[in-house]
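These notes concern the structure reproduced below.
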Amino acid sequence: MKLAAAISGDLRKIMAEEVKEAEDAVTAAMRQAADGLKADLRRQVSEAGMGQRLANTWRAELYPKGRKSIKAAGFVFTRAPTIIRAFDQGAVIKSKHGFWLAIPTPAAGTGARGKRMTPSLWEQMHGSRLRFIYRRGAPSLLVAENMRVRTGKRGGFAKGSASALRSGRGMTSVVMFILVPQVSLKKRLDVDGAAERWASALPELIVRNWR
């Protein structure tokens, strides 16, 4: 008894079809993994209470761009790496100049176009100096004096008028900044853990996408 085996059909065509199926499967799987990792990282940031704007800094790209490849690769990155790294690893933030970190209170407001308020910017915008109040065993303060409460929808505080300053009526001091020597950020994200989970899922994703 003899057994014989033979290939039926065009071998080159068969191999080309197999390669195409592999390219389709690997590219689709890599896209799913990259998009899945991006979604997971965005969810982590959002659930940590750091806002959707920071969450949306996560991006995902697929290489090579514009075509399928058996060597397809996904690249997931953030446009705010310094902030993300601080919450992924934990960090101690200190003043660049070795003095205080000025944390604005809601009363300080924001600068033009939502720019983060700083003591120098506040003084420039309001044309008055902030008073430093040292407190032993507690955060020191920067306080704006001779302020009046705004009425209406706008709310907040404004510099007292000349007549109000003369009478002193309705004037108050308002804490604009809290001063601390440093701030400790606890680890609130797990970037490596999410990446490892999606990397482990790749083989199964490739099999699912193989037609």
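Labels for the structure tokens follow display order: chains A, B, ..., residues from 1 in each chain, ligands from 1.
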Item to complete: Within 10 Å of A:Met125, counting only C-alpha atoms, which residues show up once you throw out same-chain ones fewer than 6 positions away? Write them as a ChimeraX atom specification, please.
Response: /A:111-112,119
Worksheet item: Hey, what's within 6 Å of stretch 185-200 of chain A if we count only C-alpha atoms and toss same-chain stuff fewer than 2 positions away? As a ChimeraX atom specification, please?
Response: /A:33,87-91,202
Grab the residues selected above and save them as a tab-separated table (two decimals), in the first residue's frame with N, CA and C atoms.
```
chain	number	residue	atom	x	y	z
A	33	ALA	N	-6.27	45.97	20.46
A	33	ALA	CA	-5.49	46.04	21.69
A	33	ALA	C	-5.10	47.48	22.00
A	87	PHE	N	1.28	60.65	38.66
A	87	PHE	CA	0.20	59.89	39.29
A	87	PHE	C	0.36	58.39	39.08
A	88	ASP	N	1.17	57.98	38.12
A	88	ASP	CA	1.43	56.56	37.91
A	88	ASP	C	2.48	56.04	38.89
A	89	GLN	N	3.45	56.88	39.22
A	89	GLN	CA	4.55	56.46	40.07
A	89	GLN	C	4.48	57.06	41.48
A	90	GLY	N	3.69	58.13	41.65
A	90	GLY	CA	3.72	58.87	42.90
A	90	GLY	C	4.87	59.86	42.85
A	91	ALA	N	4.70	61.01	43.44
A	91	ALA	CA	5.75	62.03	43.36
A	91	ALA	C	5.60	63.05	44.48
A	202	LEU	N	-3.33	39.65	23.26
A	202	LEU	CA	-3.06	39.70	21.82
A	202	LEU	C	-3.19	38.36	21.10
```
Please report, as a compact mmCIF listing (two decimals) with N, CA and C atoms, in the first residue's frame, each residue of chain A to which DSSP assigns strand (DSSP E) when run on this structure's backbone.
```
# COMPACT_ATOMS: atom_id res chain seq x y z
N TRP A 58 -4.71 60.71 26.32
CA TRP A 58 -4.23 59.40 25.84
C TRP A 58 -4.61 59.22 24.38
N ARG A 59 -3.64 58.79 23.58
CA ARG A 59 -3.83 58.58 22.14
C ARG A 59 -3.33 57.19 21.76
N ALA A 60 -3.83 56.68 20.65
CA ALA A 60 -3.38 55.38 20.14
C ALA A 60 -3.13 55.49 18.64
N GLU A 61 -2.00 54.98 18.20
CA GLU A 61 -1.66 54.97 16.78
C GLU A 61 -1.22 53.57 16.37
N LEU A 62 -1.43 53.25 15.10
CA LEU A 62 -1.09 51.94 14.57
C LEU A 62 -0.03 52.09 13.48
N TYR A 63 0.97 51.24 13.52
CA TYR A 63 2.04 51.27 12.53
C TYR A 63 2.18 49.90 11.87
N ALA A 73 2.19 47.15 14.73
CA ALA A 73 2.51 47.52 16.12
C ALA A 73 1.62 48.67 16.55
N GLY A 74 1.19 48.64 17.80
CA GLY A 74 0.39 49.72 18.35
C GLY A 74 1.24 50.59 19.27
N PHE A 75 0.94 51.89 19.27
CA PHE A 75 1.67 52.83 20.11
C PHE A 75 0.64 53.67 20.87
N VAL A 76 0.59 53.50 22.19
CA VAL A 76 -0.33 54.24 23.04
C VAL A 76 0.49 55.23 23.87
N PHE A 77 0.11 56.50 23.83
CA PHE A 77 0.91 57.54 24.50
C PHE A 77 0.00 58.63 25.03
N THR A 78 0.55 59.47 25.88
CA THR A 78 -0.20 60.60 26.43
C THR A 78 0.47 61.91 26.05
N ALA A 91 4.70 61.01 43.44
CA ALA A 91 5.75 62.03 43.36
C ALA A 91 5.60 63.05 44.48
N VAL A 92 6.70 63.70 44.80
CA VAL A 92 6.71 64.82 45.73
C VAL A 92 7.03 66.07 44.92
N ILE A 93 6.11 67.02 44.91
CA ILE A 93 6.28 68.24 44.12
C ILE A 93 6.72 69.36 45.05
N LYS A 94 7.82 70.00 44.68
CA LYS A 94 8.34 71.13 45.45
C LYS A 94 8.44 72.35 44.55
N LEU A 101 4.86 76.38 47.48
CA LEU A 101 3.93 76.10 46.39
C LEU A 101 2.65 76.87 46.69
N ALA A 102 2.20 77.68 45.75
CA ALA A 102 1.00 78.49 45.95
C ALA A 102 -0.19 77.78 45.31
N ILE A 103 -1.10 77.30 46.14
CA ILE A 103 -2.28 76.59 45.65
C ILE A 103 -3.45 77.58 45.64
N PRO A 104 -3.99 77.90 44.47
CA PRO A 104 -5.08 78.88 44.41
C PRO A 104 -6.37 78.34 45.00
N ARG A 131 -1.23 89.98 50.78
CA ARG A 131 -0.55 90.02 52.07
C ARG A 131 -0.20 88.61 52.51
N PHE A 132 1.06 88.43 52.93
CA PHE A 132 1.53 87.13 53.40
C PHE A 132 1.20 86.96 54.88
N ILE A 133 0.58 85.84 55.21
CA ILE A 133 0.26 85.54 56.61
C ILE A 133 0.92 84.22 56.98
N SER A 140 0.73 78.52 55.41
CA SER A 140 0.67 79.97 55.37
C SER A 140 -0.28 80.41 54.26
N LEU A 141 -0.61 81.70 54.24
CA LEU A 141 -1.64 82.18 53.32
C LEU A 141 -1.18 83.44 52.58
N LEU A 142 -1.77 83.65 51.42
CA LEU A 142 -1.69 84.93 50.72
C LEU A 142 -3.12 85.47 50.66
N VAL A 143 -3.31 86.65 51.23
CA VAL A 143 -4.66 87.19 51.41
C VAL A 143 -4.81 88.50 50.66
N ALA A 144 -5.97 88.66 50.02
CA ALA A 144 -6.31 89.93 49.38
C ALA A 144 -7.17 90.73 50.36
N GLU A 145 -6.80 91.98 50.59
CA GLU A 145 -7.53 92.82 51.54
C GLU A 145 -8.41 93.82 50.80
N ASN A 146 -9.37 94.35 51.55
CA ASN A 146 -10.28 95.37 51.02
C ASN A 146 -11.02 94.87 49.77
N MET A 147 -11.54 93.67 49.89
CA MET A 147 -12.33 93.09 48.80
C MET A 147 -13.82 93.17 49.16
N ARG A 148 -14.65 93.22 48.14
CA ARG A 148 -16.10 93.19 48.36
C ARG A 148 -16.70 92.01 47.61
N VAL A 149 -17.80 91.52 48.12
CA VAL A 149 -18.48 90.38 47.51
C VAL A 149 -19.28 90.86 46.31
N PHE A 157 -15.30 87.84 44.15
CA PHE A 157 -14.89 89.04 44.87
C PHE A 157 -14.27 90.05 43.90
N ALA A 158 -14.35 91.32 44.28
CA ALA A 158 -13.75 92.39 43.48
C ALA A 158 -13.14 93.42 44.42
N LYS A 159 -12.22 94.20 43.89
CA LYS A 159 -11.57 95.25 44.68
C LYS A 159 -12.60 96.30 45.06
N THR A 172 -13.82 93.08 53.10
CA THR A 172 -13.40 91.84 53.76
C THR A 172 -12.05 91.39 53.22
N SER A 173 -11.38 90.55 53.98
CA SER A 173 -10.13 89.93 53.53
C SER A 173 -10.45 88.52 53.03
N VAL A 174 -9.81 88.14 51.91
CA VAL A 174 -10.13 86.85 51.28
C VAL A 174 -8.84 86.07 51.04
N VAL A 175 -8.83 84.81 51.44
CA VAL A 175 -7.68 83.94 51.17
C VAL A 175 -7.67 83.57 49.69
N MET A 176 -6.61 83.94 49.00
CA MET A 176 -6.49 83.65 47.57
C MET A 176 -5.57 82.46 47.29
N PHE A 177 -4.55 82.28 48.13
CA PHE A 177 -3.60 81.19 47.91
C PHE A 177 -3.22 80.56 49.24
N ILE A 178 -3.11 79.25 49.24
CA ILE A 178 -2.60 78.50 50.38
C ILE A 178 -1.17 78.10 50.06
N LEU A 179 -0.25 78.36 50.97
CA LEU A 179 1.18 78.12 50.73
C LEU A 179 1.66 76.89 51.49
N VAL A 180 2.24 75.96 50.77
CA VAL A 180 2.78 74.74 51.39
C VAL A 180 4.19 74.50 50.84
N GLN A 182 5.58 71.60 50.10
CA GLN A 182 5.59 70.54 49.09
C GLN A 182 4.24 69.82 49.11
N VAL A 183 3.98 69.08 48.04
CA VAL A 183 2.75 68.29 47.93
C VAL A 183 3.13 66.88 47.52
N SER A 184 2.60 65.89 48.22
CA SER A 184 2.85 64.49 47.88
C SER A 184 1.68 63.93 47.07
N LEU A 185 1.99 63.40 45.90
CA LEU A 185 0.98 62.79 45.05
C LEU A 185 1.04 61.28 45.21
```
Discussion item. As an NGL selection string, please: the residues near A:Pro203 (cut-off 12 Å, only C-alpha atoms, same-chain neighbours under 2 positions excluded).
Written reply: :A and (25-26 or 28-30 or 32-33 or 197-201 or 205-210)
Could you save those same residues with N, CA and C atoms as a PDB file, in the first residue's frame?
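Below you can see out_39.pdb, which holds the result:
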```pdb
ATOM      1  N   ALA A  25      -5.408  39.650  10.256  1.00  0.00           N
ATOM      2  CA  ALA A  25      -5.652  39.249  11.643  1.00  0.00           C
ATOM      3  C   ALA A  25      -4.761  40.008  12.618  1.00  0.00           C
ATOM      4  N   VAL A  26      -3.479  40.087  12.309  1.00  0.00           N
ATOM      5  CA  VAL A  26      -2.537  40.762  13.210  1.00  0.00           C
ATOM      6  C   VAL A  26      -2.851  42.252  13.296  1.00  0.00           C
ATOM      7  N   ALA A  28      -5.755  43.820  12.702  1.00  0.00           N
ATOM      8  CA  ALA A  28      -7.018  44.031  13.415  1.00  0.00           C
ATOM      9  C   ALA A  28      -6.842  43.817  14.918  1.00  0.00           C
ATOM     10  N   ALA A  29      -6.112  42.767  15.286  1.00  0.00           N
ATOM     11  CA  ALA A  29      -5.883  42.483  16.704  1.00  0.00           C
ATOM     12  C   ALA A  29      -5.091  43.599  17.372  1.00  0.00           C
ATOM     13  N   MET A  30      -4.082  44.092  16.681  1.00  0.00           N
ATOM     14  CA  MET A  30      -3.265  45.160  17.252  1.00  0.00           C
ATOM     15  C   MET A  30      -4.074  46.442  17.404  1.00  0.00           C
ATOM     16  N   GLN A  32      -7.334  46.595  17.927  1.00  0.00           N
ATOM     17  CA  GLN A  32      -8.226  46.372  19.067  1.00  0.00           C
ATOM     18  C   GLN A  32      -7.482  46.504  20.393  1.00  0.00           C
ATOM     19  N   ALA A  33      -6.275  45.968  20.457  1.00  0.00           N
ATOM     20  CA  ALA A  33      -5.492  46.042  21.690  1.00  0.00           C
ATOM     21  C   ALA A  33      -5.097  47.483  22.003  1.00  0.00           C
ATOM     22  N   ARG A 197      -1.980  43.570  30.560  1.00  0.00           N
ATOM     23  CA  ARG A 197      -3.228  42.833  30.320  1.00  0.00           C
ATOM     24  C   ARG A 197      -3.557  42.772  28.832  1.00  0.00           C
ATOM     25  N   TRP A 198      -3.381  43.882  28.132  1.00  0.00           N
ATOM     26  CA  TRP A 198      -3.698  43.893  26.702  1.00  0.00           C
ATOM     27  C   TRP A 198      -2.647  43.157  25.891  1.00  0.00           C
ATOM     28  N   ALA A 199      -1.398  43.188  26.334  1.00  0.00           N
ATOM     29  CA  ALA A 199      -0.360  42.413  25.644  1.00  0.00           C
ATOM     30  C   ALA A 199      -0.651  40.916  25.764  1.00  0.00           C
ATOM     31  N   SER A 200      -1.135  40.490  26.933  1.00  0.00           N
ATOM     32  CA  SER A 200      -1.467  39.077  27.139  1.00  0.00           C
ATOM     33  C   SER A 200      -2.674  38.651  26.309  1.00  0.00           C
ATOM     34  N   ALA A 201      -3.540  39.606  25.984  1.00  0.00           N
ATOM     35  CA  ALA A 201      -4.750  39.289  25.220  1.00  0.00           C
ATOM     36  C   ALA A 201      -4.500  39.205  23.717  1.00  0.00           C
ATOM     37  N   LEU A 205      -6.761  37.594  20.479  1.00  0.00           N
ATOM     38  CA  LEU A 205      -7.343  38.538  19.524  1.00  0.00           C
ATOM     39  C   LEU A 205      -6.946  38.187  18.092  1.00  0.00           C
ATOM     40  N   ILE A 206      -5.701  37.763  17.904  1.00  0.00           N
ATOM     41  CA  ILE A 206      -5.247  37.373  16.562  1.00  0.00           C
ATOM     42  C   ILE A 206      -6.041  36.167  16.065  1.00  0.00           C
ATOM     43  N   VAL A 207      -6.235  35.178  16.924  1.00  0.00           N
ATOM     44  CA  VAL A 207      -7.000  33.979  16.541  1.00  0.00           C
ATOM     45  C   VAL A 207      -8.435  34.352  16.179  1.00  0.00           C
ATOM     46  N   ARG A 208      -9.042  35.239  16.968  1.00  0.00           N
ATOM     47  CA  ARG A 208     -10.425  35.647  16.697  1.00  0.00           C
ATOM     48  C   ARG A 208     -10.559  36.342  15.343  1.00  0.00           C
ATOM     49  N   ASN A 209      -9.537  37.085  14.967  1.00  0.00           N
ATOM     50  CA  ASN A 209      -9.606  37.856  13.724  1.00  0.00           C
ATOM     51  C   ASN A 209      -9.118  37.079  12.505  1.00  0.00           C
ATOM     52  N   TRP A 210      -8.657  35.858  12.712  1.00  0.00           N
ATOM     53  CA  TRP A 210      -8.158  35.045  11.585  1.00  0.00           C
ATOM     54  C   TRP A 210      -9.352  34.400  10.881  1.00  0.00           C
TER      55      TRP A 210
END
```
Discussion item. Write out as an MDAnalysis selection string the set of residues from stretch 24-191 of chain A that DSSP, computed on the backbone, places in alpha helix (DSSP H).
Written reply: chainID A and resid 24:47 52:55 81:89 119:126 162:167 191
How would the residues just chosen look if you wrote them out with N, CA and C atoms as a compact mmCIF listing (two decimals), in the first residue's frame?
```txt
# COMPACT_ATOMS: atom_id res chain seq x y z
N ASP A 24 -4.20 40.64 7.90
CA ASP A 24 -5.50 41.15 8.35
C ASP A 24 -5.72 40.87 9.83
N ALA A 25 -5.41 39.65 10.26
CA ALA A 25 -5.65 39.25 11.64
C ALA A 25 -4.76 40.01 12.62
N VAL A 26 -3.48 40.09 12.31
CA VAL A 26 -2.54 40.76 13.21
C VAL A 26 -2.85 42.25 13.30
N THR A 27 -3.14 42.88 12.16
CA THR A 27 -3.43 44.32 12.15
C THR A 27 -4.71 44.62 12.93
N ALA A 28 -5.76 43.82 12.70
CA ALA A 28 -7.02 44.03 13.41
C ALA A 28 -6.84 43.82 14.92
N ALA A 29 -6.11 42.77 15.29
CA ALA A 29 -5.88 42.48 16.70
C ALA A 29 -5.09 43.60 17.37
N MET A 30 -4.08 44.09 16.68
CA MET A 30 -3.26 45.16 17.25
C MET A 30 -4.07 46.44 17.40
N ARG A 31 -4.96 46.72 16.45
CA ARG A 31 -5.81 47.90 16.56
C ARG A 31 -6.75 47.78 17.76
N GLN A 32 -7.33 46.60 17.93
CA GLN A 32 -8.23 46.37 19.07
C GLN A 32 -7.48 46.50 20.39
N ALA A 33 -6.27 45.97 20.46
CA ALA A 33 -5.49 46.04 21.69
C ALA A 33 -5.10 47.48 22.00
N ALA A 34 -4.66 48.22 20.99
CA ALA A 34 -4.25 49.62 21.20
C ALA A 34 -5.43 50.47 21.62
N ASP A 35 -6.56 50.31 20.93
CA ASP A 35 -7.76 51.08 21.30
C ASP A 35 -8.27 50.67 22.68
N GLY A 36 -8.18 49.37 22.99
CA GLY A 36 -8.62 48.90 24.30
C GLY A 36 -7.76 49.45 25.42
N LEU A 37 -6.46 49.48 25.21
CA LEU A 37 -5.55 50.03 26.21
C LEU A 37 -5.80 51.52 26.39
N LYS A 38 -5.98 52.23 25.28
CA LYS A 38 -6.27 53.67 25.37
C LYS A 38 -7.54 53.91 26.18
N ALA A 39 -8.59 53.13 25.91
CA ALA A 39 -9.86 53.29 26.63
C ALA A 39 -9.69 52.99 28.12
N ASP A 40 -8.93 51.94 28.44
CA ASP A 40 -8.69 51.60 29.84
C ASP A 40 -7.95 52.71 30.58
N LEU A 41 -6.93 53.27 29.94
CA LEU A 41 -6.15 54.33 30.58
C LEU A 41 -6.97 55.60 30.74
N ARG A 42 -7.79 55.91 29.74
CA ARG A 42 -8.68 57.07 29.88
C ARG A 42 -9.65 56.86 31.05
N ARG A 43 -10.16 55.65 31.18
CA ARG A 43 -11.09 55.35 32.26
C ARG A 43 -10.39 55.48 33.62
N GLN A 44 -9.15 55.00 33.71
CA GLN A 44 -8.40 55.12 34.97
C GLN A 44 -8.28 56.58 35.40
N VAL A 45 -7.90 57.43 34.46
CA VAL A 45 -7.72 58.86 34.78
C VAL A 45 -9.04 59.48 35.20
N SER A 46 -10.10 59.17 34.47
CA SER A 46 -11.42 59.73 34.78
C SER A 46 -11.92 59.25 36.14
N GLU A 47 -11.78 57.95 36.42
CA GLU A 47 -12.25 57.41 37.69
C GLU A 47 -11.41 57.87 38.87
N GLN A 52 -11.96 64.65 32.51
CA GLN A 52 -11.99 64.06 31.18
C GLN A 52 -10.96 64.70 30.26
N ARG A 53 -10.64 65.96 30.50
CA ARG A 53 -9.66 66.63 29.65
C ARG A 53 -8.30 65.94 29.73
N LEU A 54 -7.85 65.61 30.94
CA LEU A 54 -6.58 64.89 31.09
C LEU A 54 -6.72 63.47 30.56
N ALA A 55 -7.87 62.84 30.79
CA ALA A 55 -8.09 61.48 30.28
C ALA A 55 -7.95 61.43 28.77
N PRO A 81 2.69 63.68 29.55
CA PRO A 81 3.49 62.63 30.19
C PRO A 81 3.95 62.97 31.60
N THR A 82 4.26 64.22 31.87
CA THR A 82 4.76 64.59 33.20
C THR A 82 3.69 64.38 34.26
N ILE A 83 2.47 64.82 33.96
CA ILE A 83 1.37 64.67 34.92
C ILE A 83 1.02 63.20 35.12
N ILE A 84 0.90 62.47 34.00
CA ILE A 84 0.54 61.06 34.09
C ILE A 84 1.60 60.28 34.85
N ARG A 85 2.87 60.56 34.59
CA ARG A 85 3.96 59.85 35.27
C ARG A 85 3.90 60.10 36.78
N ALA A 86 3.57 61.33 37.18
CA ALA A 86 3.50 61.65 38.60
C ALA A 86 2.43 60.83 39.31
N PHE A 87 1.28 60.65 38.66
CA PHE A 87 0.20 59.89 39.29
C PHE A 87 0.36 58.39 39.08
N ASP A 88 1.17 57.98 38.12
CA ASP A 88 1.43 56.56 37.91
C ASP A 88 2.48 56.04 38.89
N GLN A 89 3.45 56.88 39.22
CA GLN A 89 4.55 56.46 40.07
C GLN A 89 4.48 57.06 41.48
N PRO A 119 0.21 83.83 42.11
CA PRO A 119 0.20 85.08 42.87
C PRO A 119 0.60 86.29 42.03
N SER A 120 1.65 86.17 41.22
CA SER A 120 2.09 87.31 40.41
C SER A 120 1.04 87.68 39.38
N LEU A 121 0.39 86.68 38.78
CA LEU A 121 -0.65 86.97 37.79
C LEU A 121 -1.85 87.63 38.45
N TRP A 122 -2.22 87.15 39.65
CA TRP A 122 -3.35 87.76 40.35
C TRP A 122 -3.07 89.23 40.64
N GLU A 123 -1.87 89.52 41.16
CA GLU A 123 -1.52 90.91 41.48
C GLU A 123 -1.51 91.78 40.23
N GLN A 124 -1.06 91.22 39.13
CA GLN A 124 -1.03 91.96 37.87
C GLN A 124 -2.45 92.26 37.38
N MET A 125 -3.33 91.29 37.49
CA MET A 125 -4.70 91.46 37.02
C MET A 125 -5.51 92.42 37.89
N HIS A 126 -5.26 92.40 39.21
CA HIS A 126 -6.08 93.18 40.14
C HIS A 126 -5.41 94.48 40.59
N ALA A 162 -13.57 103.29 45.75
CA ALA A 162 -12.96 104.33 46.58
C ALA A 162 -13.86 104.69 47.75
N SER A 163 -15.17 104.83 47.50
CA SER A 163 -16.10 105.19 48.58
C SER A 163 -16.21 104.07 49.61
N ALA A 164 -16.20 102.82 49.14
CA ALA A 164 -16.27 101.69 50.06
C ALA A 164 -15.01 101.61 50.91
N LEU A 165 -13.87 101.93 50.30
CA LEU A 165 -12.61 101.91 51.05
C LEU A 165 -12.61 102.98 52.14
N ARG A 166 -13.23 104.14 51.83
CA ARG A 166 -13.26 105.22 52.83
C ARG A 166 -14.16 104.84 54.01
N SER A 167 -15.29 104.22 53.70
CA SER A 167 -16.23 103.87 54.77
C SER A 167 -15.89 102.54 55.44
N VAL A 191 -0.49 52.16 34.81
CA VAL A 191 -0.28 52.12 33.35
C VAL A 191 0.32 50.79 32.93
```
Discussion item. Just to confirm, what's the straight-line distance from atom CA of A:Pro64 to atom CA of A:Met15 in Å (one decimal)?
Written reply: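 Calculated distance between atom CA of A:Pro64 and atom CA of A:Met15 is 21.9 Å.
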